[in-house]
$ cat data-v5.txt   # compact mmCIF, C-alpha atoms
# COMPACT_ATOMS: atom_id res chain seq x y z
CA MET D 1 21.41 159.13 -68.67
CA PHE D 2 19.45 162.23 -67.75
CA ARG D 3 19.78 163.91 -64.39
CA ARG D 4 17.13 165.63 -62.33
CA ARG D 5 17.32 168.60 -60.01
CA ARG D 6 14.32 168.74 -57.67
CA GLY D 7 12.14 167.14 -60.31
CA ILE D 8 13.59 169.15 -63.20
CA GLU D 9 15.27 167.10 -65.90
CA LEU D 10 18.74 168.22 -66.93
CA LYS D 11 19.67 167.50 -70.54
CA THR D 12 23.10 166.65 -71.87
CA SER D 13 24.61 168.77 -74.64
CA GLY D 14 23.77 166.02 -77.13
CA GLU D 15 20.14 165.95 -76.01
CA ILE D 16 19.92 169.72 -76.33
CA GLU D 17 21.27 169.43 -79.88
CA ALA D 18 18.50 166.92 -80.58
CA MET D 19 15.95 169.36 -79.19
CA ARG D 20 17.39 172.05 -81.44
CA ALA D 21 16.66 169.85 -84.46
CA ALA D 22 13.03 169.55 -83.33
CA GLY D 23 12.97 173.30 -82.68
CA LEU D 24 14.06 174.04 -86.23
CA VAL D 25 11.14 172.01 -87.55
CA VAL D 26 8.80 174.16 -85.48
CA ALA D 27 10.53 177.36 -86.63
CA ARG D 28 10.20 176.43 -90.30
CA THR D 29 6.56 175.46 -89.79
CA LEU D 30 5.66 178.72 -88.11
CA ARG D 31 7.41 180.72 -90.80
CA GLN D 32 5.34 179.04 -93.51
CA VAL D 33 2.15 179.52 -91.51
CA GLN D 34 3.00 183.21 -91.05
CA GLU D 35 3.45 183.64 -94.78
CA ALA D 36 0.15 181.89 -95.52
CA ALA D 37 -1.93 183.71 -92.89
CA GLN D 38 -3.71 186.22 -95.11
CA PRO D 39 -7.28 187.55 -95.24
CA GLY D 40 -9.55 184.90 -96.74
CA VAL D 41 -7.50 181.95 -95.50
CA SER D 42 -9.07 179.67 -92.90
CA THR D 43 -7.32 178.48 -89.76
CA GLY D 44 -8.17 174.96 -90.93
CA GLU D 45 -6.04 175.54 -94.02
CA LEU D 46 -3.18 176.78 -91.85
CA ASP D 47 -3.46 173.67 -89.72
CA ALA D 48 -3.25 171.40 -92.77
CA LEU D 49 -0.20 173.31 -93.98
CA ALA D 50 1.51 173.03 -90.60
CA GLU D 51 0.93 169.29 -90.37
CA GLN D 52 2.32 168.78 -93.87
CA VAL D 53 5.49 170.77 -93.13
CA ILE D 54 6.04 168.89 -89.87
CA ARG D 55 5.54 165.46 -91.41
CA ASP D 56 7.65 166.30 -94.46
CA ALA D 57 10.51 166.96 -92.02
CA GLY D 58 10.15 163.44 -90.61
CA ALA D 59 8.57 164.76 -87.42
CA VAL D 60 5.18 164.33 -85.77
CA PRO D 61 2.85 167.11 -84.56
CA SER D 62 3.04 167.34 -80.76
CA PHE D 63 -0.49 168.64 -80.36
CA LYS D 64 -2.56 166.35 -82.56
CA GLY D 65 -4.27 163.85 -80.31
CA TYR D 66 -2.72 165.33 -77.16
CA HIS D 67 -5.44 164.75 -74.53
CA GLY D 68 -7.79 164.60 -77.51
CA PHE D 69 -6.83 167.89 -79.17
CA PRO D 70 -7.96 167.54 -82.80
CA ALA D 71 -5.37 169.59 -84.68
CA SER D 72 -1.65 170.14 -85.27
CA ILE D 73 -1.60 173.80 -84.22
CA CYS D 74 -3.54 176.00 -81.86
CA ALA D 75 -4.95 178.95 -83.80
CA SER D 76 -6.34 181.62 -81.48
CA VAL D 77 -8.02 184.61 -83.13
CA ASN D 78 -8.54 188.03 -81.52
CA GLU D 79 -10.15 187.50 -78.07
CA GLN D 80 -9.01 183.86 -78.02
CA VAL D 81 -5.97 183.65 -75.74
CA VAL D 82 -4.76 180.07 -76.23
CA HIS D 83 -5.82 176.63 -77.45
CA GLY D 84 -8.04 177.81 -80.27
CA ILE D 85 -9.11 174.89 -82.47
CA PRO D 86 -8.45 175.45 -86.20
CA SER D 87 -11.47 175.20 -88.48
CA LYS D 88 -12.30 175.59 -92.14
CA ASN D 89 -15.15 177.81 -90.94
CA THR D 90 -12.84 180.28 -89.21
CA VAL D 91 -11.75 182.54 -92.06
CA LEU D 92 -9.22 185.27 -91.34
CA SER D 93 -10.13 188.90 -91.99
CA ASP D 94 -8.07 192.02 -92.43
CA GLY D 95 -7.12 193.36 -88.99
CA ASP D 96 -7.30 190.03 -87.15
CA LEU D 97 -4.71 189.16 -84.53
CA LEU D 98 -3.85 185.45 -84.80
CA SER D 99 -1.76 183.56 -82.26
CA VAL D 100 -0.40 180.24 -83.54
CA ASP D 101 1.12 177.71 -81.16
CA CYS D 102 3.01 174.82 -82.76
CA GLY D 103 4.83 171.75 -81.48
CA ALA D 104 6.77 168.97 -83.20
CA ILE D 105 8.40 165.75 -82.08
CA LEU D 106 11.58 164.67 -83.85
CA ASP D 107 13.42 161.53 -82.76
CA GLY D 108 11.50 161.62 -79.49
CA TRP D 109 12.28 165.25 -78.62
CA HIS D 110 9.81 168.13 -78.52
CA GLY D 111 10.01 171.69 -79.79
CA ASP D 112 7.29 174.19 -78.85
CA SER D 113 6.87 177.77 -80.01
CA ALA D 114 4.18 180.38 -80.61
CA VAL D 115 3.90 183.59 -82.59
CA THR D 116 1.26 186.26 -82.91
CA ILE D 117 0.53 187.16 -86.52
CA GLU D 118 -0.88 190.45 -87.76
CA VAL D 119 -3.35 189.62 -90.52
CA GLY D 120 -3.40 192.40 -93.08
CA GLU D 121 -3.45 195.85 -91.49
CA VAL D 122 -4.03 195.66 -87.74
CA SER D 123 -4.68 198.54 -85.37
CA GLU D 124 -1.79 200.28 -83.64
CA ARG D 125 -3.18 199.09 -80.32
CA ASP D 126 -3.03 195.46 -81.41
CA ARG D 127 0.44 195.91 -82.89
CA LYS D 128 1.66 197.29 -79.57
CA LEU D 129 -0.03 194.47 -77.66
CA SER D 130 1.81 191.86 -79.71
CA ALA D 131 5.11 193.75 -79.43
CA ALA D 132 4.71 194.02 -75.65
CA THR D 133 4.09 190.28 -75.37
CA ARG D 134 7.12 189.46 -77.49
CA ALA D 135 9.26 191.87 -75.44
CA ALA D 136 8.09 190.12 -72.27
CA MET D 137 9.10 186.76 -73.73
CA LEU D 138 12.53 188.07 -74.70
CA ALA D 139 13.03 189.47 -71.20
CA GLY D 140 12.17 186.08 -69.76
CA ILE D 141 14.63 184.38 -72.08
CA ALA D 142 17.40 186.79 -71.06
CA ALA D 143 16.75 185.92 -67.41
CA ALA D 144 17.23 182.17 -68.00
CA SER D 145 20.61 182.05 -66.28
CA PRO D 146 22.37 179.02 -64.77
CA ASP D 147 22.97 180.97 -61.56
CA GLY D 148 19.35 182.11 -61.19
CA ARG D 149 16.06 180.80 -59.90
CA LEU D 150 12.89 179.96 -61.74
CA THR D 151 10.90 183.04 -60.76
CA ASP D 152 13.69 185.32 -61.96
CA ILE D 153 12.22 184.50 -65.38
CA SER D 154 8.68 185.14 -64.13
CA HIS D 155 9.66 188.51 -62.68
CA ALA D 156 11.48 189.54 -65.86
CA ILE D 157 8.38 188.73 -67.92
CA GLU D 158 6.08 190.66 -65.59
CA SER D 159 8.41 193.65 -65.36
CA ALA D 160 8.79 193.88 -69.14
CA ALA D 161 5.02 193.66 -69.62
CA ARG D 162 4.38 196.41 -67.07
CA ARG D 163 7.11 198.56 -68.59
CA ALA D 164 5.60 198.18 -72.07
CA GLY D 165 2.18 198.99 -70.71
CA SER D 166 3.49 202.15 -69.11
CA GLU D 167 5.15 203.21 -72.36
CA ASP D 168 2.03 202.39 -74.40
CA GLY D 169 -0.40 203.96 -71.96
CA VAL D 170 -2.23 200.65 -71.55
CA GLU D 171 -2.58 198.41 -68.52
CA TYR D 172 -2.07 195.07 -70.21
CA GLY D 173 -3.75 192.08 -68.65
CA MET D 174 -1.23 189.42 -67.62
CA VAL D 175 -2.82 185.98 -67.83
CA ALA D 176 -1.74 184.04 -64.73
CA GLU D 177 -3.61 180.75 -65.18
CA TYR D 178 -1.40 179.64 -68.05
CA GLY D 179 2.38 179.77 -68.29
CA GLY D 180 5.58 178.13 -69.39
CA HIS D 181 6.84 174.67 -68.59
CA GLY D 182 9.69 172.23 -68.73
CA ILE D 183 10.06 170.36 -72.01
CA GLY D 184 12.07 167.47 -73.42
CA ARG D 185 10.89 163.97 -74.28
CA GLU D 186 7.49 165.16 -73.08
CA MET D 187 5.83 168.38 -74.15
CA HIS D 188 4.82 169.43 -70.65
CA MET D 189 7.24 168.64 -67.83
CA GLU D 190 8.22 170.11 -64.49
CA PRO D 191 8.47 172.90 -63.60
CA PHE D 192 5.45 175.09 -64.25
CA LEU D 193 6.77 178.56 -65.09
CA PRO D 194 4.51 181.42 -63.96
CA ASN D 195 4.44 184.56 -66.07
CA LEU D 196 4.51 186.86 -63.07
CA GLY D 197 5.90 186.83 -59.56
CA LYS D 198 8.69 187.91 -57.25
CA PRO D 199 12.28 186.99 -58.20
CA GLY D 200 14.51 184.57 -56.33
CA LYS D 201 11.87 181.91 -55.71
CA GLY D 202 11.43 178.34 -56.88
CA PRO D 203 14.07 175.81 -57.88
CA LYS D 204 17.55 176.84 -58.88
CA LEU D 205 18.24 176.87 -62.59
CA ALA D 206 21.19 174.99 -64.03
CA VAL D 207 22.95 174.12 -67.24
CA GLY D 208 20.82 171.54 -69.04
CA VAL D 209 17.41 172.90 -68.03
CA ALA D 210 15.04 173.30 -70.99
CA LEU D 211 11.97 175.51 -70.68
CA ALA D 212 9.14 176.76 -72.85
CA ILE D 213 8.83 180.46 -72.03
CA GLU D 214 5.43 181.81 -73.09
CA PRO D 215 3.75 184.98 -71.86
CA MET D 216 0.17 185.85 -72.81
CA LEU D 217 -1.09 189.43 -72.56
CA THR D 218 -4.48 190.97 -73.19
CA GLY D 219 -5.51 194.48 -74.12
CA GLY D 220 -7.90 194.61 -71.17
CA SER D 221 -8.79 192.34 -68.28
CA ALA D 222 -6.65 189.28 -67.58
CA GLU D 223 -9.75 187.28 -66.66
CA THR D 224 -10.38 184.33 -68.98
CA VAL D 225 -12.91 181.56 -69.49
CA GLU D 226 -12.75 178.23 -71.32
CA LEU D 227 -15.39 177.62 -73.98
CA ASP D 228 -17.63 174.57 -74.12
CA ASP D 229 -15.31 172.89 -76.63
CA GLY D 230 -13.06 172.16 -73.65
CA TRP D 231 -10.06 173.91 -75.21
CA THR D 232 -10.49 177.46 -76.43
CA VAL D 233 -9.67 180.08 -73.80
CA ILE D 234 -11.04 183.60 -74.36
CA THR D 235 -10.91 186.92 -72.55
CA VAL D 236 -14.04 187.56 -70.50
CA ASP D 237 -14.24 191.20 -71.56
CA GLY D 238 -13.68 190.47 -75.27
CA SER D 239 -10.33 192.26 -75.37
CA ARG D 240 -7.73 190.94 -77.78
CA ALA D 241 -4.85 188.75 -76.72
CA ALA D 242 -1.33 187.93 -77.87
CA HIS D 243 0.88 184.90 -77.20
CA TRP D 244 4.59 184.45 -77.88
CA GLU D 245 6.70 181.41 -76.98
CA HIS D 246 10.12 179.88 -77.49
CA THR D 247 11.76 176.70 -76.26
CA VAL D 248 14.98 177.66 -74.48
CA ALA D 249 17.89 175.64 -73.09
CA ILE D 250 20.18 176.98 -70.39
CA THR D 251 23.81 176.49 -71.37
CA GLU D 252 27.17 177.53 -69.95
CA ASN D 253 27.08 180.41 -72.44
CA GLY D 254 23.60 181.53 -71.46
CA PRO D 255 20.15 180.83 -72.93
CA TRP D 256 19.95 179.09 -76.31
CA VAL D 257 16.67 179.63 -78.15
CA LEU D 258 16.07 176.20 -79.65
CA THR D 259 13.04 177.25 -81.70
CA ALA D 260 14.60 180.35 -83.25
CA PRO D 261 14.86 180.32 -87.06
CA GLU D 262 18.32 179.56 -88.40
CA ASP D 263 18.83 183.09 -89.70
CA ASP D 264 18.04 184.54 -86.27
CA ILE D 265 20.99 182.82 -84.61
$ encode --input "data-v5.txt" --output "structure tokens"
Amino acid sequence: MFRRRRGIELKTSGEIEAMRAAGLVVARTLRQVQEAAQPGVSTGELDALAEQVIRDAGAVPSFKGYHGFPASICASVNEQVVHGIPSKNTVLSDGDLLSVDCGAILDGWHGDSAVTIEVGEVSERDRKLSAATRAAMLAGIAAASPDGRLTDISHAIESAARRAGSEDGVEYGMVAEYGGHGIGREMHMEPFLPNLGKPGKGPKLAVGVALAIEPMLTGGSAETVELDDGWTVITVDGSRAAHWEHTVAITENGPWVLTAPEDDI
């Protein structure tokens, strides 16, 4: 029987193990998508590959059909921040920055992860943008402590992003409208996890909490707009964006990245 803390579901160790199995499906899927994401390949082809890998593992894509979303991955290219719809007409080019968000359901449990892929030879600016976003995610993961509060993670993400921007000589845009979330038998659960804010706020964290931690940074303004397709979110100023995400469980030994590849453990 699951427990809740102020609306946040606490998983048992066995349930977290089940989520890890789903997370490994996502990790393997993203790895194959990364390898296939080359100039001349369409995002529609990557979507078909991802769905095949997920279903071959005995899992189901989390995204396909979710509130009507038509695909198994989100494939966001360049100025697209999140929720890009894959298409056979969207063909990758050398220098593109591609963010792929992927979810899978295995035995009722969700895994959710995102990576930003450098297609061919990307600019140094874009490489640094992606690295800064990943560093922000890792800082958020490190702050997922059983004796902390929710916005400790938010503050760690924001601080890491600002630090990277200072080092890179760029004021990265920190997208505030979208953020992380609780996850378990549903893909999106309480709490909403902001990607910036003061520490020490929000509900207390505890062993058994599972969160998707997912910062999004832009190379310019953080202002975004949703396209008429009802899904794709782009930067208003046309600057490029990066998105990194992992599903993380808080354990007695600290954060466990459930969507990390096996050889990263």
$ residues_around --input "data-v5.txt" --residues "region 22-35 of chain D" --least-positions-apart "4" --cutoff "8 Å" --atoms "all atoms listed in the file" --output "PyMOL selection string"
chain D and resi 18+46+49-50+53-54+57+59+100+102-106+109-115+117+247+258-262
$ atom_distance --input "data-v5.txt" --atom1 "CA of Gly208 (chain D)" --atom2 "CA of Ser99 (chain D)"
28.8 Å
$ residues_around --input "data-v5.txt" --residues "Gly182 (chain D)" --least-positions-apart "2" --cutoff "8 Å" --atoms "all atoms listed in the file" --output "list of chain:residue names"
D:Ile8, D:Gly180, D:Gly184, D:Met187, D:His188, D:Met189, D:Glu190, D:Pro191, D:Phe192, D:Leu193, D:Val209, D:Ala210, D:Leu211, D:Ala212
$ closest_residue --input "data-v5.txt" --among "D:Leu196, D:Leu98, D:Ile183, D:Val170" --to "Asn78 (chain D)" --atoms "only C-alpha atoms"
D:Leu98
$ closest_residue --input "data-v5.txt" --among "D:Gly230, D:Gly173, D:Pro146, D:Glu186" --to "Phe63 (chain D)" --atoms "only C-alpha atoms"
D:Glu186
$ closest_residue --input "data-v5.txt" --among "D:Ser145, D:Gly84, D:Asp56, D:Pro215" --to "Thr251 (chain D)" --atoms "only C-alpha atoms"
D:Ser145
$ atom_distance --input "data-v5.txt" --atom1 "CA of Val82 (chain D)" --atom2 "CA of Gly200 (chain D)"
28.1 Å
$ residues_near_point --input "data-v5.txt" --point "(24.5, 181.5, -59.3)" --cutoff "9 Å" --atoms "all atoms listed in the file" --output "list of chain:residue names"
D:Ser145, D:Pro146, D:Asp147, D:Gly148, D:Arg149, D:Lys204, D:Leu205, D:Ala206
$ residues_near_point --input "data-v5.txt" --point "(16.7, 166.1, -76.2)" --cutoff "8 Å" --atoms "all atoms listed in the file" --output "list in words"
Lys11, Thr12, Gly14, Glu15, Ile16, Glu17, Ala18, Met19, Arg20, Gly108, Trp109, His110, Gly184 and Arg185 of chain D
$ closest_residue --input "data-v5.txt" --among "D:Leu227, D:Val233, D:Ala242, D:Leu138" --to "Pro255 (chain D)" --atoms "all atoms listed in the file"
D:Leu138
$ atom_distance --input "data-v5.txt" --atom1 "CA of Met174 (chain D)" --atom2 "CA of Asn195 (chain D)"
7.6 Å
$ closest_residue --input "data-v5.txt" --among "D:Asp101, D:Glu158, D:Asp263, D:Glu226" --to "Ala75 (chain D)" --atoms "only C-alpha atoms"
D:Asp101
$ closest_residue --input "data-v5.txt" --among "D:Asp229, D:Trp256, D:Pro39, D:Ala164" --to "Pro70 (chain D)" --atoms "only C-alpha atoms"
D:Asp229
